[in-house]
Amino acid sequence: MKIALYQIEQEYMLLADEIINNEGELTPELEQRLTINQDQLEAKGKGYGYIIKDIEAEITAIDIELKRLSAIKKRCLNGKERLENSLSNAMILHSITELKTPTLKINFRKSESVEVADLNLLESEYKKVVTTESADKTAIKEAIKNGIQVTGAVLKQNLNLQIK
């Protein structure tokens with residue numbers, strides 16, 4: 001009989017309630033049901049573990065493929081940039097402002113940008129201050145572990161499922 005993990009959990013909670021209602025007394029029937037429940041959970045847990053390992057392997061393969069594709073993209077972008085620079089330099093050198101074919105048009109577009117040579121020489125009205133604040137979690141953790149109370153922060157213990 002196949003039983004879902006959540007059903008095993010629900011049955012376990014019901015068993016726990018029955019044991020509490022029995023004032024902690026474990027009858028032979030409750031003990032047998034508890035053993036069956038634990039066996040089912042162990043078998044189901046192992047199955048989940050294997051599935052999780054398969055998914056982790058797939059994620060690793062995807063990460064490797066993303067790195068490979070990212071490297072290809074970077075090479076393409078670098079090649080495109082080199083070609084654009086070469087074409088632009090050649091057109092400027094020969095005073096050509098436009099190249100045209102029936103399906104392609106290459107020309108220069110004018111734009112404006114501001115270059116700041118020295119930020120310290122600018123008057124304050126032309127500066128803006130950008131600040132971002134974040135917690136130094138490493139320092140907070142170290143302080144709490146050393147017995148210092150840090151107002152606004154607590155050290156939380158987590159249970160992390162490990163599948164090897």
# chains A, B, ... in the order shown; residues from 1 in each chain; ligands from 1

call {"tool": "residues_around", "arguments": {"residues": "range 4-11 of chain A", "least_positions_apart": "4", "cutoff": "12 Å", "atoms": "only C-alpha atoms", "output": "PyMOL selection string"}}
result
chain A and resi 15-18+30+33-48

call {"tool": "select_by_dssp", "arguments": {"residues": "chain A", "states": "helix (DSSP H, G or I)", "output": "PyMOL selection string"}}
result
chain A and resi 5-21+28-93+119-121+124-126+137-145

call {"tool": "residues_around", "arguments": {"residues": "range 76-92 of chain A", "least_positions_apart": "5", "cutoff": "12 Å", "atoms": "only C-alpha atoms", "output": "number ranges by chain"}}
result
A: 69-71, 97-99, 106-109

call {"tool": "write_last_selection", "arguments": {"atoms": "all heavy atoms", "output": "PDB file, in the first residue's frame"}}
result
ATOM      1  N   LEU A  69      27.464  28.150 -21.475  1.00  0.00           N
ATOM      2  CA  LEU A  69      26.742  29.087 -22.331  1.00  0.00           C
ATOM      3  C   LEU A  69      27.148  30.530 -22.041  1.00  0.00           C
ATOM      4  O   LEU A  69      27.249  31.355 -22.949  1.00  0.00           O
ATOM      5  CB  LEU A  69      25.226  28.915 -22.165  1.00  0.00           C
ATOM      6  CG  LEU A  69      24.654  27.611 -22.719  1.00  0.00           C
ATOM      7  CD1 LEU A  69      23.183  27.470 -22.335  1.00  0.00           C
ATOM      8  CD2 LEU A  69      24.830  27.518 -24.211  1.00  0.00           C
ATOM      9  N   SER A  70      27.397  30.833 -20.784  1.00  0.00           N
ATOM     10  CA  SER A  70      27.835  32.173 -20.400  1.00  0.00           C
ATOM     11  C   SER A  70      29.187  32.498 -21.032  1.00  0.00           C
ATOM     12  O   SER A  70      29.417  33.623 -21.497  1.00  0.00           O
ATOM     13  CB  SER A  70      27.909  32.263 -18.877  1.00  0.00           C
ATOM     14  OG  SER A  70      28.136  33.566 -18.468  1.00  0.00           O
ATOM     15  N   ALA A  71      30.092  31.519 -21.061  1.00  0.00           N
ATOM     16  CA  ALA A  71      31.398  31.716 -21.690  1.00  0.00           C
ATOM     17  C   ALA A  71      31.234  31.942 -23.189  1.00  0.00           C
ATOM     18  O   ALA A  71      31.909  32.809 -23.779  1.00  0.00           O
ATOM     19  CB  ALA A  71      32.302  30.517 -21.420  1.00  0.00           C
ATOM     20  N   THR A  97      30.258  58.430 -43.115  1.00  0.00           N
ATOM     21  CA  THR A  97      29.250  58.563 -42.054  1.00  0.00           C
ATOM     22  C   THR A  97      28.123  57.550 -42.196  1.00  0.00           C
ATOM     23  O   THR A  97      27.358  57.356 -41.257  1.00  0.00           O
ATOM     24  CB  THR A  97      28.653  59.982 -42.051  1.00  0.00           C
ATOM     25  OG1 THR A  97      28.072  60.245 -43.329  1.00  0.00           O
ATOM     26  CG2 THR A  97      29.713  61.013 -41.714  1.00  0.00           C
ATOM     27  N   GLU A  98      28.037  56.937 -43.396  1.00  0.00           N
ATOM     28  CA  GLU A  98      26.928  55.999 -43.592  1.00  0.00           C
ATOM     29  C   GLU A  98      27.291  54.953 -44.642  1.00  0.00           C
ATOM     30  O   GLU A  98      27.909  55.258 -45.656  1.00  0.00           O
ATOM     31  CB  GLU A  98      25.685  56.776 -44.031  1.00  0.00           C
ATOM     32  CG  GLU A  98      24.444  55.932 -44.149  1.00  0.00           C
ATOM     33  CD  GLU A  98      23.215  56.764 -44.466  1.00  0.00           C
ATOM     34  OE1 GLU A  98      23.021  57.105 -45.658  1.00  0.00           O
ATOM     35  OE2 GLU A  98      22.469  57.063 -43.529  1.00  0.00           O
ATOM     36  N   LEU A  99      26.887  53.717 -44.355  1.00  0.00           N
ATOM     37  CA  LEU A  99      26.986  52.616 -45.322  1.00  0.00           C
ATOM     38  C   LEU A  99      25.581  52.067 -45.500  1.00  0.00           C
ATOM     39  O   LEU A  99      24.875  51.833 -44.526  1.00  0.00           O
ATOM     40  CB  LEU A  99      27.909  51.514 -44.797  1.00  0.00           C
ATOM     41  CG  LEU A  99      29.367  51.873 -44.529  1.00  0.00           C
ATOM     42  CD1 LEU A  99      30.078  50.717 -43.846  1.00  0.00           C
ATOM     43  CD2 LEU A  99      30.070  52.223 -45.837  1.00  0.00           C
ATOM     44  N   ILE A 106      24.198  51.295 -41.917  1.00  0.00           N
ATOM     45  CA  ILE A 106      25.154  51.509 -40.832  1.00  0.00           C
ATOM     46  C   ILE A 106      25.495  52.991 -40.825  1.00  0.00           C
ATOM     47  O   ILE A 106      25.927  53.539 -41.854  1.00  0.00           O
ATOM     48  CB  ILE A 106      26.440  50.679 -41.040  1.00  0.00           C
ATOM     49  CG1 ILE A 106      26.102  49.195 -41.102  1.00  0.00           C
ATOM     50  CG2 ILE A 106      27.439  50.960 -39.921  1.00  0.00           C
ATOM     51  CD1 ILE A 106      27.257  48.315 -41.543  1.00  0.00           C
ATOM     52  N   ASN A 107      25.265  53.642 -39.710  1.00  0.00           N
ATOM     53  CA  ASN A 107      25.597  55.058 -39.611  1.00  0.00           C
ATOM     54  C   ASN A 107      25.897  55.413 -38.156  1.00  0.00           C
ATOM     55  O   ASN A 107      25.737  54.601 -37.256  1.00  0.00           O
ATOM     56  CB  ASN A 107      24.484  55.934 -40.180  1.00  0.00           C
ATOM     57  CG  ASN A 107      23.197  55.812 -39.402  1.00  0.00           C
ATOM     58  OD1 ASN A 107      23.007  54.886 -38.631  1.00  0.00           O
ATOM     59  ND2 ASN A 107      22.295  56.748 -39.617  1.00  0.00           N
ATOM     60  N   PHE A 108      26.335  56.641 -37.957  1.00  0.00           N
ATOM     61  CA  PHE A 108      26.613  57.119 -36.607  1.00  0.00           C
ATOM     62  C   PHE A 108      25.400  57.890 -36.090  1.00  0.00           C
ATOM     63  O   PHE A 108      24.756  58.623 -36.843  1.00  0.00           O
ATOM     64  CB  PHE A 108      27.849  58.036 -36.603  1.00  0.00           C
ATOM     65  CG  PHE A 108      29.127  57.300 -36.873  1.00  0.00           C
ATOM     66  CD1 PHE A 108      29.753  57.376 -38.109  1.00  0.00           C
ATOM     67  CD2 PHE A 108      29.725  56.529 -35.885  1.00  0.00           C
ATOM     68  CE1 PHE A 108      30.928  56.703 -38.362  1.00  0.00           C
ATOM     69  CE2 PHE A 108      30.907  55.849 -36.134  1.00  0.00           C
ATOM     70  CZ  PHE A 108      31.509  55.936 -37.371  1.00  0.00           C
ATOM     71  N   ARG A 109      25.117  57.736 -34.833  1.00  0.00           N
ATOM     72  CA  ARG A 109      24.055  58.478 -34.168  1.00  0.00           C
ATOM     73  C   ARG A 109      24.736  59.330 -33.109  1.00  0.00           C
ATOM     74  O   ARG A 109      25.584  58.861 -32.362  1.00  0.00           O
ATOM     75  CB  ARG A 109      23.072  57.492 -33.513  1.00  0.00           C
ATOM     76  CG  ARG A 109      21.988  58.133 -32.689  1.00  0.00           C
ATOM     77  CD  ARG A 109      21.075  57.091 -32.038  1.00  0.00           C
ATOM     78  NE  ARG A 109      21.783  56.033 -31.324  1.00  0.00           N
ATOM     79  CZ  ARG A 109      22.171  56.100 -30.043  1.00  0.00           C
ATOM     80  NH1 ARG A 109      21.952  57.166 -29.338  1.00  0.00           N
ATOM     81  NH2 ARG A 109      22.792  55.086 -29.482  1.00  0.00           N
TER      82      ARG A 109
END

call {"tool": "atom_distance", "arguments": {"atom1": "CA of Ala135 in chain A", "atom2": "CA of Leu155 in chain A"}}
result
13.4 Å

call {"tool": "select_by_dssp", "arguments": {"residues": "range 19-138 of chain A", "states": "strand (DSSP E or B)", "output": "MDAnalysis selection string"}}
result
chainID A and resid 98:100 105:107
